[in-house]
Amino acid sequence: MNQFKVTHSPFVKSANSVNFIKEQKLIMLIMVFVVGLVMTNWQALYILGIALASALVFELLYNIVCYEKIRVDFLEVLICSITFTCLVGYKTPLYVPVIAMAFSIIVCKMVFGKNENHIVNASAGGALFVGIIFSQGANLFVRVSGSGFMRNPYGALLENNIADFNIIRCLKGQISASIGCVCLAVVAVALIYLIATHSVGIKIPIIAVVSFVLMTFAINQFNYEYILPYLFSGNFLFVTTFMLTEFSTSPNTTLGQFIYAIIFGVGASLIIKYSGGGDMAILALLVCVNCLSPLLDRVIRPHYFGEGANE
Amino acid sequence: MIEALTRGIKLGGITNSLAKAKIAEIKSSANFCVPLKSGAGSESKPLVIVGDLIKRGTVIGAPSDETSGFVYSPCSGAVVSIKDKVNSLGENCLNVEIEPAHKDSLLYFRPLENRDNNNLFGRLIESGSFDNWGKRYPSYHKYINPNTIGARTLIVKLFDSDPYCVSNLKIAEDYAKEVALGALCYFKVSVAVKLIFVGSKAVSKSTNQKIYDAILDEINKSDMKTNQVSFVTVSKVYPNDEDHLLTKKVLKKTIAVSVPVSDKGVFIENAQTCLNFYRAVYDNLPTTEAVYTIAGNNLKNQGVYLVKNGLVPQNVFASVDIKNKELFKQYSIGGTFNGISQCDTSVGLPLSVSTLFSNKWNDENFKERDCINCGRCNARCPIKLSPMMIDNFAINKDFARAKRYGVLSCIDCGVCSYVCPAKRHLSQRISDTAQAIKQRRTM
Ligand code: SF4
Ligand code: SF4
């Protein structure tokens, strides 16, 4: 560093670094996972262990084969495997995480993207892939209930009687669901924490939730009683907190973020209305809006200050 | 440190300790190294040779064209060398090294007989008072620019938006009367019809009021109509004091960044240049010193200091009590976000900047990572550019698209580099690309 340097000042930089952002996300994911673990079954630890080990192996293999480097981004691998584990039920067969992680790391993260920049959320891609191949696609857009490895009890709840919905039970985690979604209070806390530490942007989650609420209100004959059951239905809140907000798969202009979040919010509400809140369908929607994001970035070019002003 | 949800950046904390600082003088008996170029204007011609004995205020450099100015000796002494070397802003130019004498005697300008426009204009040229280096024009150049159109407004900044710099505020507090009279001189020279003083909301209302009252006192004594003068306060968001942004905030007028605001009849000066002009006109003093804010967490006595032209940083640092000498291998000059990072502590400090900054070294700030597409740079860029996209174009040398995305409108504020969590050197590459495009244009 002793050579003469003439550059813009590197002395003052925001303390918010990439690692800081990832660490905050990881801490919140661990918190959500641990709560899910306590409320469901310790068996979920096996799923995480296998997901983590396979993610590590696949990332290492890929880097060795393609770049001839022994290199692993531990934070990314941890985030990807915990997110995937949170999306499934504890009864998931143990070979499923291996296949999902192979798809996540090799296809979503590395083939269709590069280190920090991929097109679709890796965990969503992996979960959707195994969802499709192991439920023969049948569950994709239909009501999911019962004991499949991606169960959605809220869908079933909605099927019966809206009056049965009990928000306290949702918040306390007394309703069975995928590991990350059993206790939605903790997911809501994680969202607030991540926004407060600037680890996720504020616009996307807020707009997604607001458009989701408005759409729910509109499609249920303006009956506000449906809003909370919808909001706490399935993995909408979890996906919004940890996946929709992922920087690399979301647009980077304000208008793009608005469109992206509105499509997701509105779409998720329609999915819950017409498919009973299928987790898989929401993941499919997420993958679709992720794919839309590069397009939005390409099409929307914000006008800069003084552009077109009399020169 | 709190970042507001606005474009640009708002930091709290550092100014609290600087706010109490008083303007102090730096005493040094070491040799001065006066650069004959301290901005993007041309280099001045040397008027002395090695061995000349000179007094403080002796002209040692004269304008070589209309974008260069007079340079005066900051002390009495002997010229020991005139060498071509890099100045503190990284540009090659002649540097006059002066060994100070024990006794300092001063050369004044001849007193002005009357202060009409023409004489004032002559004195302005003589004074060697430069604009803030960021605008890269000697002050007087804009007043004779034939492009100038429209009703003329003179804006005087009584603040710096850089949170680590309080030089203008301190001058306004301590020399309100002189700043008012200097501003009136500029008002005459610019044939303006409106004079607006701009303060910052970062300081208390009572402090601003005190400054405004003192200025108004002087204005009332002059022949100026009170309805020609107004006071405005703007929030302290960096880089609010950039000419185009300030014009937008104060006059609600959008001027393309590629056009100097002076071409549209808006002249912007700060408290420092007003004080310099006042001293040249009323005290007959050539400009030989500037008020610097010397700040950063590597300094025991950070504060506001009078720095003579050509003082070398190693002596400045010795006088302000540094914490860790090793860390002074790197410091920055001319702004904490967009200043020049320097390693050489023997280059002369110019009068065209007002910040010398040294923070503890952090290697992490240099390690670039891949962009994570967080969009923070887009959200904070005060010009609403898309730094991440332009950076991509810059890396791929796609100048046509970089231009379409407004690279030439970048004001070099450094906000994008500051907020980037991946520590990408955005503003550096963007400004290099803009330079390259401009050079190709002139080829
Ligand atoms: S692109 Fe230019 S104007 Fe925008 S934040 Fe970066 S340095 Fe400032
Ligand atoms: S702030 Fe940095 S990491 Fe974020 S989008 Fe801009 S360049 Fe990429």
# chains A, B, ... in the order shown; residues from 1 in each chain; ligands from 1
>>> interface_residues(of="chain B", to="chain A", cutoff="8 Å", atoms="only C-alpha atoms", output="ChimeraX atom specification")
/B:89-90,254-259,329,331-332,335-344,358-362,365-366,370-375,378-379,382-386,405-406,409,414,417-423,427-428
>>> residues_around(residues="Ile390 (chain B)", least_positions_apart="2", cutoff="9 Å", atoms="only C-alpha atoms", output="count of residues only")
19
>>> closest_residue(among="A:Gly234, A:Gly265, A:Gly49, A:Pro294", to="Ala177 (chain A)", atoms="only C-alpha atoms")
A:Gly234
>>> select_by_dssp(residues="region 219-292 of chain B", states="alpha helix (DSSP H)", output="VMD selection string")
chain B and resid 219 to 221 243 to 251 271 to 282
>>> write_last_selection(atoms="N, CA and C atoms", output="PDB file, in the first residue's frame")
ATOM      1  N   ILE B 219     -25.372  44.280   5.385  1.00  0.00           N
ATOM      2  CA  ILE B 219     -26.120  44.533   4.145  1.00  0.00           C
ATOM      3  C   ILE B 219     -26.933  45.824   4.286  1.00  0.00           C
ATOM      4  N   ASN B 220     -27.536  46.004   5.488  1.00  0.00           N
ATOM      5  CA  ASN B 220     -28.351  47.206   5.710  1.00  0.00           C
ATOM      6  C   ASN B 220     -27.528  48.476   5.602  1.00  0.00           C
ATOM      7  N   LYS B 221     -26.243  48.349   5.959  1.00  0.00           N
ATOM      8  CA  LYS B 221     -25.392  49.544   5.877  1.00  0.00           C
ATOM      9  C   LYS B 221     -25.039  49.873   4.425  1.00  0.00           C
ATOM     10  N   ASP B 243     -23.128  22.370  -6.819  1.00  0.00           N
ATOM     11  CA  ASP B 243     -23.767  23.520  -7.481  1.00  0.00           C
ATOM     12  C   ASP B 243     -25.158  23.224  -8.043  1.00  0.00           C
ATOM     13  N   HIS B 244     -25.276  22.131  -8.817  1.00  0.00           N
ATOM     14  CA  HIS B 244     -26.553  21.849  -9.489  1.00  0.00           C
ATOM     15  C   HIS B 244     -27.637  21.464  -8.490  1.00  0.00           C
ATOM     16  N   LEU B 245     -27.228  20.705  -7.477  1.00  0.00           N
ATOM     17  CA  LEU B 245     -28.213  20.283  -6.476  1.00  0.00           C
ATOM     18  C   LEU B 245     -28.644  21.469  -5.618  1.00  0.00           C
ATOM     19  N   LEU B 246     -27.668  22.335  -5.314  1.00  0.00           N
ATOM     20  CA  LEU B 246     -27.990  23.513  -4.509  1.00  0.00           C
ATOM     21  C   LEU B 246     -28.919  24.443  -5.298  1.00  0.00           C
ATOM     22  N   THR B 247     -28.653  24.594  -6.591  1.00  0.00           N
ATOM     23  CA  THR B 247     -29.509  25.438  -7.430  1.00  0.00           C
ATOM     24  C   THR B 247     -30.930  24.891  -7.440  1.00  0.00           C
ATOM     25  N   LYS B 248     -31.036  23.575  -7.514  1.00  0.00           N
ATOM     26  CA  LYS B 248     -32.361  22.942  -7.515  1.00  0.00           C
ATOM     27  C   LYS B 248     -33.058  23.194  -6.177  1.00  0.00           C
ATOM     28  N   LYS B 249     -32.286  23.034  -5.089  1.00  0.00           N
ATOM     29  CA  LYS B 249     -32.896  23.171  -3.765  1.00  0.00           C
ATOM     30  C   LYS B 249     -33.302  24.616  -3.475  1.00  0.00           C
ATOM     31  N   VAL B 250     -32.401  25.539  -3.860  1.00  0.00           N
ATOM     32  CA  VAL B 250     -32.641  26.932  -3.486  1.00  0.00           C
ATOM     33  C   VAL B 250     -33.533  27.648  -4.497  1.00  0.00           C
ATOM     34  N   LEU B 251     -33.273  27.420  -5.784  1.00  0.00           N
ATOM     35  CA  LEU B 251     -34.022  28.165  -6.807  1.00  0.00           C
ATOM     36  C   LEU B 251     -35.065  27.310  -7.519  1.00  0.00           C
ATOM     37  N   ALA B 271     -18.292  30.750   1.904  1.00  0.00           N
ATOM     38  CA  ALA B 271     -17.830  31.716   2.900  1.00  0.00           C
ATOM     39  C   ALA B 271     -16.328  31.972   2.739  1.00  0.00           C
ATOM     40  N   GLN B 272     -15.566  30.904   2.418  1.00  0.00           N
ATOM     41  CA  GLN B 272     -14.113  31.040   2.268  1.00  0.00           C
ATOM     42  C   GLN B 272     -13.756  32.020   1.147  1.00  0.00           C
ATOM     43  N   THR B 273     -14.393  31.873  -0.024  1.00  0.00           N
ATOM     44  CA  THR B 273     -14.033  32.764  -1.143  1.00  0.00           C
ATOM     45  C   THR B 273     -14.487  34.201  -0.850  1.00  0.00           C
ATOM     46  N   CYS B 274     -15.632  34.342  -0.142  1.00  0.00           N
ATOM     47  CA  CYS B 274     -16.087  35.693   0.210  1.00  0.00           C
ATOM     48  C   CYS B 274     -15.077  36.352   1.145  1.00  0.00           C
ATOM     49  N   LEU B 275     -14.566  35.570   2.115  1.00  0.00           N
ATOM     50  CA  LEU B 275     -13.583  36.108   3.056  1.00  0.00           C
ATOM     51  C   LEU B 275     -12.307  36.505   2.311  1.00  0.00           C
ATOM     52  N   ASN B 276     -11.877  35.654   1.374  1.00  0.00           N
ATOM     53  CA  ASN B 276     -10.677  35.972   0.594  1.00  0.00           C
ATOM     54  C   ASN B 276     -10.856  37.268  -0.184  1.00  0.00           C
ATOM     55  N   PHE B 277     -12.020  37.411  -0.794  1.00  0.00           N
ATOM     56  CA  PHE B 277     -12.291  38.598  -1.597  1.00  0.00           C
ATOM     57  C   PHE B 277     -12.333  39.835  -0.696  1.00  0.00           C
ATOM     58  N   TYR B 278     -12.956  39.681   0.467  1.00  0.00           N
ATOM     59  CA  TYR B 278     -13.008  40.791   1.426  1.00  0.00           C
ATOM     60  C   TYR B 278     -11.588  41.229   1.778  1.00  0.00           C
ATOM     61  N   ARG B 279     -10.728  40.247   2.087  1.00  0.00           N
ATOM     62  CA  ARG B 279      -9.362  40.588   2.509  1.00  0.00           C
ATOM     63  C   ARG B 279      -8.589  41.269   1.384  1.00  0.00           C
ATOM     64  N   ALA B 280      -8.843  40.813   0.174  1.00  0.00           N
ATOM     65  CA  ALA B 280      -8.135  41.414  -0.959  1.00  0.00           C
ATOM     66  C   ALA B 280      -8.589  42.857  -1.173  1.00  0.00           C
ATOM     67  N   VAL B 281      -9.895  43.102  -0.991  1.00  0.00           N
ATOM     68  CA  VAL B 281     -10.447  44.423  -1.286  1.00  0.00           C
ATOM     69  C   VAL B 281     -10.248  45.388  -0.110  1.00  0.00           C
ATOM     70  N   TYR B 282     -10.555  44.940   1.086  1.00  0.00           N
ATOM     71  CA  TYR B 282     -10.549  45.850   2.238  1.00  0.00           C
ATOM     72  C   TYR B 282      -9.215  45.855   2.987  1.00  0.00           C
TER      73      TYR B 282
END
>>> residues_around(residues="Ala51 (chain A)", least_positions_apart="2", cutoff="8 Å", atoms="only C-alpha atoms", output="list of chain:residue names")
A:Ile47, A:Leu48, A:Gly49, A:Ala53, A:Ser54, A:Ala55, A:Ser81, A:Ile82, A:Phe84, A:Thr85, A:Pro97, A:Val98, A:Met101
>>> residues_around(residues="Ile227 (chain A)", least_positions_apart="3", cutoff="9 Å", atoms="only C-alpha atoms", output="ChimeraX atom specification")
/A:212-214,216-217,220,223-224,230-232
>>> residues_around(residues="Leu244 (chain A)", least_positions_apart="2", cutoff="12 Å", atoms="only C-alpha atoms", output="VMD selection string")
chain A and resid 120 to 124 191 200 to 209 235 to 242 246 to 251 257 260 to 265 268 282 to 291 293
>>> closest_residue(among="B:Leu18, B:Glu178, B:Phe399, B:Cys377", to="ligand 2", atoms="only C-alpha atoms and all ligand atoms")
B:Cys377
>>> residues_around(residues="Gln24 (chain A)", least_positions_apart="5", cutoff="10 Å", atoms="only C-alpha atoms", output="PyMOL selection string")
chain A and resi 19+29-30+190+193-194+197-200
>>> write_last_selection(atoms="all heavy atoms", output="CSV table (one decimal), in the first residue's frame")
chain,number,residue,atom,x,y,z
A,19,ASN,N,-20.8,-9.3,3.9
A,19,ASN,CA,-20.7,-10.3,5.0
A,19,ASN,C,-21.7,-10.0,6.1
A,19,ASN,O,-22.4,-10.9,6.6
A,19,ASN,CB,-19.3,-10.5,5.5
A,19,ASN,CG,-18.5,-11.4,4.7
A,19,ASN,OD1,-19.0,-12.0,3.7
A,19,ASN,ND2,-17.2,-11.6,5.0
A,29,LEU,N,-32.3,-16.7,10.1
A,29,LEU,CA,-32.7,-18.0,9.6
A,29,LEU,C,-32.5,-19.1,10.6
A,29,LEU,O,-33.4,-20.0,10.8
A,29,LEU,CB,-31.9,-18.4,8.3
A,29,LEU,CG,-32.5,-18.0,7.0
A,29,LEU,CD1,-31.5,-18.2,5.9
A,29,LEU,CD2,-33.8,-18.7,6.7
A,30,ILE,N,-31.4,-19.0,11.3
A,30,ILE,CA,-31.1,-20.0,12.4
A,30,ILE,C,-32.2,-19.9,13.5
A,30,ILE,O,-32.8,-20.9,14.0
A,30,ILE,CB,-29.7,-19.8,13.0
A,30,ILE,CG1,-28.7,-20.2,11.9
A,30,ILE,CG2,-29.5,-20.6,14.2
A,30,ILE,CD1,-27.3,-19.9,12.3
A,190,ALA,N,-38.2,-11.6,12.5
A,190,ALA,CA,-37.0,-11.6,11.6
A,190,ALA,C,-37.1,-10.6,10.5
A,190,ALA,O,-36.1,-9.9,10.2
A,190,ALA,CB,-36.9,-13.0,11.0
A,193,TYR,N,-36.4,-7.2,12.0
A,193,TYR,CA,-34.9,-7.1,12.3
A,193,TYR,C,-34.1,-6.9,11.0
A,193,TYR,O,-33.2,-6.0,11.0
A,193,TYR,CB,-34.5,-8.4,13.0
A,193,TYR,CG,-33.0,-8.4,13.3
A,193,TYR,CD1,-32.5,-7.8,14.5
A,193,TYR,CD2,-32.1,-9.0,12.5
A,193,TYR,CE1,-31.1,-7.8,14.7
A,193,TYR,CE2,-30.7,-9.0,12.7
A,193,TYR,CZ,-30.3,-8.4,13.9
A,193,TYR,OH,-28.9,-8.4,14.1
A,194,LEU,N,-34.4,-7.6,10.0
A,194,LEU,CA,-33.6,-7.5,8.8
A,194,LEU,C,-33.8,-6.1,8.1
A,194,LEU,O,-32.9,-5.6,7.6
A,194,LEU,CB,-34.0,-8.6,7.8
A,194,LEU,CG,-33.6,-10.0,8.2
A,194,LEU,CD1,-34.1,-11.1,7.2
A,194,LEU,CD2,-32.1,-10.2,8.2
A,197,THR,N,-31.8,-3.6,10.2
A,197,THR,CA,-30.3,-3.6,10.0
A,197,THR,C,-29.9,-3.4,8.6
A,197,THR,O,-28.8,-3.6,8.2
A,197,THR,CB,-29.7,-5.0,10.5
A,197,THR,OG1,-30.4,-6.0,9.8
A,197,THR,CG2,-29.9,-5.2,12.0
A,198,HIS,N,-30.9,-3.0,7.7
A,198,HIS,CA,-30.6,-2.7,6.3
A,198,HIS,C,-30.1,-4.0,5.6
A,198,HIS,O,-29.4,-3.9,4.6
A,198,HIS,CB,-29.6,-1.6,6.1
A,198,HIS,CG,-30.0,-0.3,6.7
A,198,HIS,ND1,-30.8,0.6,6.0
A,198,HIS,CD2,-29.7,0.3,7.9
A,198,HIS,CE1,-31.0,1.6,6.8
A,198,HIS,NE2,-30.3,1.5,7.9
A,199,SER,N,-30.5,-5.2,6.1
A,199,SER,CA,-30.0,-6.4,5.5
A,199,SER,C,-30.9,-6.8,4.4
A,199,SER,O,-30.6,-7.6,3.5
A,199,SER,CB,-29.9,-7.5,6.5
A,199,SER,OG,-29.1,-7.1,7.6
A,200,VAL,N,-32.1,-6.3,4.4
A,200,VAL,CA,-33.0,-6.4,3.2
A,200,VAL,C,-33.6,-5.0,3.0
A,200,VAL,O,-33.7,-4.2,3.9
A,200,VAL,CB,-34.2,-7.4,3.4
A,200,VAL,CG1,-33.7,-8.8,3.7
A,200,VAL,CG2,-35.2,-7.0,4.5
>>> select_by_dssp(residues="region 224-325 of chain B", states="strand (DSSP E)", output="number ranges by chain")
B: 229-234, 266-270, 289-295, 303-308
